[in-house]
Structures are given as structure tokens and as C-alpha cells.
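Peer 1: Below you'll find the structure I mean.
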Amino acid sequence: MGRATSRPARLTSAVLARWPLPKPPDDADKEVRGHVLVVAGSQEMPGAALLASVAALRAGAGKLTIAAPASIAQGLAFAIPESRVIGLPQARSGGLLVRGTDSLAATAHLVDALVIGPGMQHERAVIAFVRALMPLFAHATMVLDALAMSVVRTGALDPPAVLTPHAGEMAYLSGRTKEAVCADPVDTAREAATRWNACVALKGASTIIASPDGGLWKFDGGAAGLATSGSGDTLAGLMGGLAARGLPPLAACAWGVVAHARAGAALSRGQGPLGYLARELAGELPARLHALSQRANAP
């Protein structure tokens, strides 16, 4: 799907048209639109799980399961009544226990896309949990966000996954300084994608998308207001929802980046460039995805 190149191509509607957004038939049930599992949240950041989960549904996924620390699971169940919620066992520190993956094994074969990481805490526990979880979901598209991305510090991903770092996270994961990442985001993203066997979306004013086979794309349409708490959680959930609908990892990544930016642009027009909230982005997604799909499919 990607293509080796030294300079990134512009990510445009014409590029998205190569990866059409799956459109279910009018009589299709929710199973056709896919099942997404969101593993996210912590006692200090339960909202991250909510933001990612709502975005996955707004992306068009048919079914949603949330797996979250037991201390916040019931609150999420009330906040998102459309979901199934599984409470995961925690250590006294609050970190997830690896044995919690056992409670997800029975549903693994039903899941089309997995989003893991938003709002999670306790890095060592998260890495161990992700490593234990990945073999169970080798058949699904995985979107790793926030601390879940730290798993790449222990080796390349197998199966491959989507990663969504901003410059600071990329610096930590890659061992480069943040200044070096910002000075050469293209080389940084390309090297990371190859090294980690991942589709990497290096987020910023310009977002660079790199695939493991050397493909590179650049998107310059981001809105300043998107640099706000919870925006990345929404993007991760959006990508997961698109993958559940049937888009391959690279396509889900690309569509997610553009639709997220279009949602921000819509809020900017209505409210001004700064001050809108990440929770408001999800409500814009269905219309933005519909418009993008029509534009991408225009003759």
C-alpha cells in the first residue's frame, strides 16, 4: 500500500480515494461495521477512555467494548451506555495486572480493531499488559497511543500496529531529542516506522505518516485548536473505529488524521480558533467523514 520515497507526498482527498471508506449496505446490521475494543484509562484519567471510545463509535464502528481499570469501569458504563465495559484488575499502585488479559481472551476473536493506551498510567505495568495482549489480537488492527507505545522500547512490533506519537513522545521512544525530532520529522517518522514495524503518525502542525515499507505522507491541514488535552485520545479512537469498519492500518491512519483535522476546522469556524474542547470533536466526525468520502469518490 505504501511506496518508498525520500520525500513525503501530500495527503489529499485524491490519496484517500485510493483507500475508499467502506460503506455498508442499507440493510446491514451493526456486525458488518465492525467491533472495536478500547483498552484505556486510569483512576486519574478516566476521561481519556471516554474520549477514545466515543470517537470510535462516531467513526462508524458497529460495536464497542471498553476494558478499563476496575476502579473506573462502572463510571464509563454509565457515561457510554452504548458500550460493553469490562473491569480489569489493578495492583495497589493502580497499574493493570497482566492476568487481566485473561478476561479479554474470550472476546478476542470478535474484535476487529484494538485501541490501547489513552490515559493509562504506570509504564512498566502497561508494557507488560500490552505485550501479553498483542498475541490475542494478532488478527486485529491495533492502534497504540500514549504509554502503550512504550512497548516499542522493548523491541519491534509483531504483529504491526499504528502508533500516534507527538514530538515529545517520539523523542522519548526513539532516543532522539525533541529538538531533533522537530528539525527532521520526516526522517524520524520513516526510521521509526521501519525500526518498529509500525504505521507511524507523527503528530504536529504538520503530521507525517510513515509506513514500514517506506511510504511517506504529509498533512498540513491541522487546526491550532487541536493542540488541547484529549485531542490525541479522540484521534486514536477515531483510527480504531475506522479500522473496525474495514480500513487497513495505513488507510485508517490517513483517514483519521484528515477527519480529525476537518473536525477541528469546523469547530474553529463556529467557535473561534482556540478554546473548543476535545469532547466536542467526536460530534463533528460523522459529517466530516461523509464529506471526505463524497469528495474522495467524486469523479
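Ligands are numbered from 1 in the order shown, residues from 1 within each chain, and chains are lettered A, B, ... in the order they appear in the C-alpha cells.
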Stretch 207-238 of chain A: which residues are strand (DSSP E or B) by DSSP, as a list in words?
Peer 2: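 Restricting stretch 207-238 of chain A to strand (DSSP E or B) produces Thr207, Ile208, Ile209, Ala210, Leu216, Trp217, Lys218 and Phe219 of chain A.
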Peer 1: Could you write those residues out with C-alpha atoms, as a CSV table (one decimal), in the first residue's frame?
Peer 2:
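Okay, this is what ended up in selection-v5.csv:
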chain,number,residue,atom,x,y,z
A,207,THR,CA,1.6,15.5,10.6
A,208,ILE,CA,3.9,12.9,9.0
A,209,ILE,CA,2.6,9.4,8.3
A,210,ALA,CA,5.2,6.7,7.6
A,216,LEU,CA,5.6,8.8,3.5
A,217,TRP,CA,2.8,11.3,3.5
A,218,LYS,CA,2.5,14.8,4.9
A,219,PHE,CA,-0.7,16.6,6.1
Peer 1: Would you list, as JSON, numbers by chain, the residues of stretch 16-53 of chain A that end up in helix (DSSP H, G or I) under DSSP run on this structure's backbone?
Peer 2: {"A": [16, 30, 31, 32, 33, 46, 47, 48, 49, 50, 51, 52, 53]}
Peer 1: What's the 9 Å shell around stretch 98-100 of chain A, counting only C-alpha atoms, without same-chain residues fewer than 5 positions away, as a list of chain:residue names?
Peer 2: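 Near neighbours after the sequence-gap exclusion: A:Gly87, A:Leu88, A:Pro89, A:Gln90, A:Ala125, A:Val126, A:Ala128, A:Phe129, A:Val130, A:Ala132, A:Leu133.
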Peer 1: If you keep N, CA and C atoms, can you produce a file of those selected residues as a PDB file, in the first residue's frame?
Peer 2:
ATOM      1  N   GLY A  87     -14.236  -4.534  33.573  1.00  0.00           N
ATOM      2  CA  GLY A  87     -13.328  -4.020  34.579  1.00  0.00           C
ATOM      3  C   GLY A  87     -12.098  -4.903  34.707  1.00  0.00           C
ATOM      4  N   LEU A  88     -10.911  -4.281  34.670  1.00  0.00           N
ATOM      5  CA  LEU A  88      -9.648  -5.017  34.719  1.00  0.00           C
ATOM      6  C   LEU A  88      -9.023  -4.921  36.106  1.00  0.00           C
ATOM      7  N   PRO A  89      -8.453  -6.012  36.601  1.00  0.00           N
ATOM      8  CA  PRO A  89      -7.844  -5.990  37.934  1.00  0.00           C
ATOM      9  C   PRO A  89      -6.612  -5.090  37.981  1.00  0.00           C
ATOM     10  N   GLN A  90      -6.427  -4.448  39.136  1.00  0.00           N
ATOM     11  CA  GLN A  90      -5.341  -3.496  39.327  1.00  0.00           C
ATOM     12  C   GLN A  90      -4.472  -3.886  40.511  1.00  0.00           C
ATOM     13  N   ALA A 125       3.895  -1.516  34.018  1.00  0.00           N
ATOM     14  CA  ALA A 125       2.704  -2.367  34.005  1.00  0.00           C
ATOM     15  C   ALA A 125       2.018  -2.323  32.649  1.00  0.00           C
ATOM     16  N   VAL A 126       1.986  -1.139  32.027  1.00  0.00           N
ATOM     17  CA  VAL A 126       1.357  -1.006  30.712  1.00  0.00           C
ATOM     18  C   VAL A 126       2.107  -1.826  29.674  1.00  0.00           C
ATOM     19  N   ALA A 128       3.980  -4.505  30.091  1.00  0.00           N
ATOM     20  CA  ALA A 128       3.735  -5.932  30.317  1.00  0.00           C
ATOM     21  C   ALA A 128       2.338  -6.329  29.857  1.00  0.00           C
ATOM     22  N   PHE A 129       1.358  -5.467  30.100  1.00  0.00           N
ATOM     23  CA  PHE A 129      -0.020  -5.756  29.709  1.00  0.00           C
ATOM     24  C   PHE A 129      -0.151  -5.784  28.188  1.00  0.00           C
ATOM     25  N   VAL A 130       0.458  -4.825  27.525  1.00  0.00           N
ATOM     26  CA  VAL A 130       0.377  -4.758  26.061  1.00  0.00           C
ATOM     27  C   VAL A 130       1.054  -5.976  25.431  1.00  0.00           C
ATOM     28  N   ALA A 132       1.416  -8.905  26.661  1.00  0.00           N
ATOM     29  CA  ALA A 132       0.577 -10.086  26.876  1.00  0.00           C
ATOM     30  C   ALA A 132      -0.671 -10.053  26.006  1.00  0.00           C
ATOM     31  N   LEU A 133      -1.147  -8.859  25.699  1.00  0.00           N
ATOM     32  CA  LEU A 133      -2.393  -8.710  24.946  1.00  0.00           C
ATOM     33  C   LEU A 133      -2.206  -8.916  23.443  1.00  0.00           C
TER      34      LEU A 133
END
Peer 1: For A:Gly237, find every residue with an atom within 8 Å (counting only C-alpha atoms), except residues of its own chain fewer than 2 positions away, and show them as a list of chain:residue names.
Peer 2: A:Val38, A:Leu51, A:Ala52, A:Ser53, A:Val54, A:Ala55, A:Ala56, A:Val115, A:Asp233, A:Thr234, A:Leu235, A:Met239, A:Gly240, A:Gly241
Peer 1: How many Å separate atom CA of A:Gly204 from atom CA of A:Val151?
Peer 2: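 Computing it gives 21.9 Å between the two atoms.
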Peer 1: Residues near A:Leu202, anyone? I mean within 12 Å using only C-alpha atoms, not counting same-chain ones fewer than 3 positions away, as a VMD selection string.
Peer 2: chain A and resid 145 162 to 171 173 to 174 181 to 182 184 to 193 198 to 199 205 to 211 216 to 219 232 253 to 254 257
Peer 1: Near A:Leu147, counting only C-alpha atoms, which residues have an atom at most 9 Å away, once you skip same-chain residues fewer than 5 positions from it, shown as a CSV table (one decimal) with C-alpha atoms, in the first residue's frame?
Peer 2:
chain,number,residue,atom,x,y,z
A,116,ILE,CA,-4.9,0.7,23.7
A,117,GLY,CA,-3.2,3.3,25.7
A,118,PRO,CA,-5.2,6.6,26.1
A,119,GLY,CA,-5.0,7.8,29.7
A,120,MET,CA,-3.2,4.7,31.0
A,121,GLN,CA,-0.5,5.1,33.8
A,122,HIS,CA,2.4,3.1,35.3
A,123,GLU,CA,4.6,2.4,32.3
A,126,VAL,CA,1.4,-1.0,30.7
A,127,ILE,CA,4.2,-2.5,28.7
A,169,GLU,CA,6.6,11.1,22.8
Peer 1: Could you tell me how far atom CA of A:Thr154 lies from atom CA of A:Glu179, in Å and to one decimal?
Peer 2: 23.7 Å
Peer 1: Separation of atom CA of A:Ile72 and atom CA of A:Leu96, in Å?
Peer 2: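 Value for the atom CA of A:Ile72-atom CA of A:Leu96 distance: 12.3 Å.
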Peer 1: Compile the contact shell of stretch 286-292 of chain A as a list in words: residues with an atom at most 7 Å away, counting only C-alpha atoms, same-chain residues fewer than 4 positions apart removed.
Peer 2: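 Residues near the query, excluding close chain neighbours: Arg58, Ala59, Ala259, Arg262, Ala263 and Ala296 of chain A.
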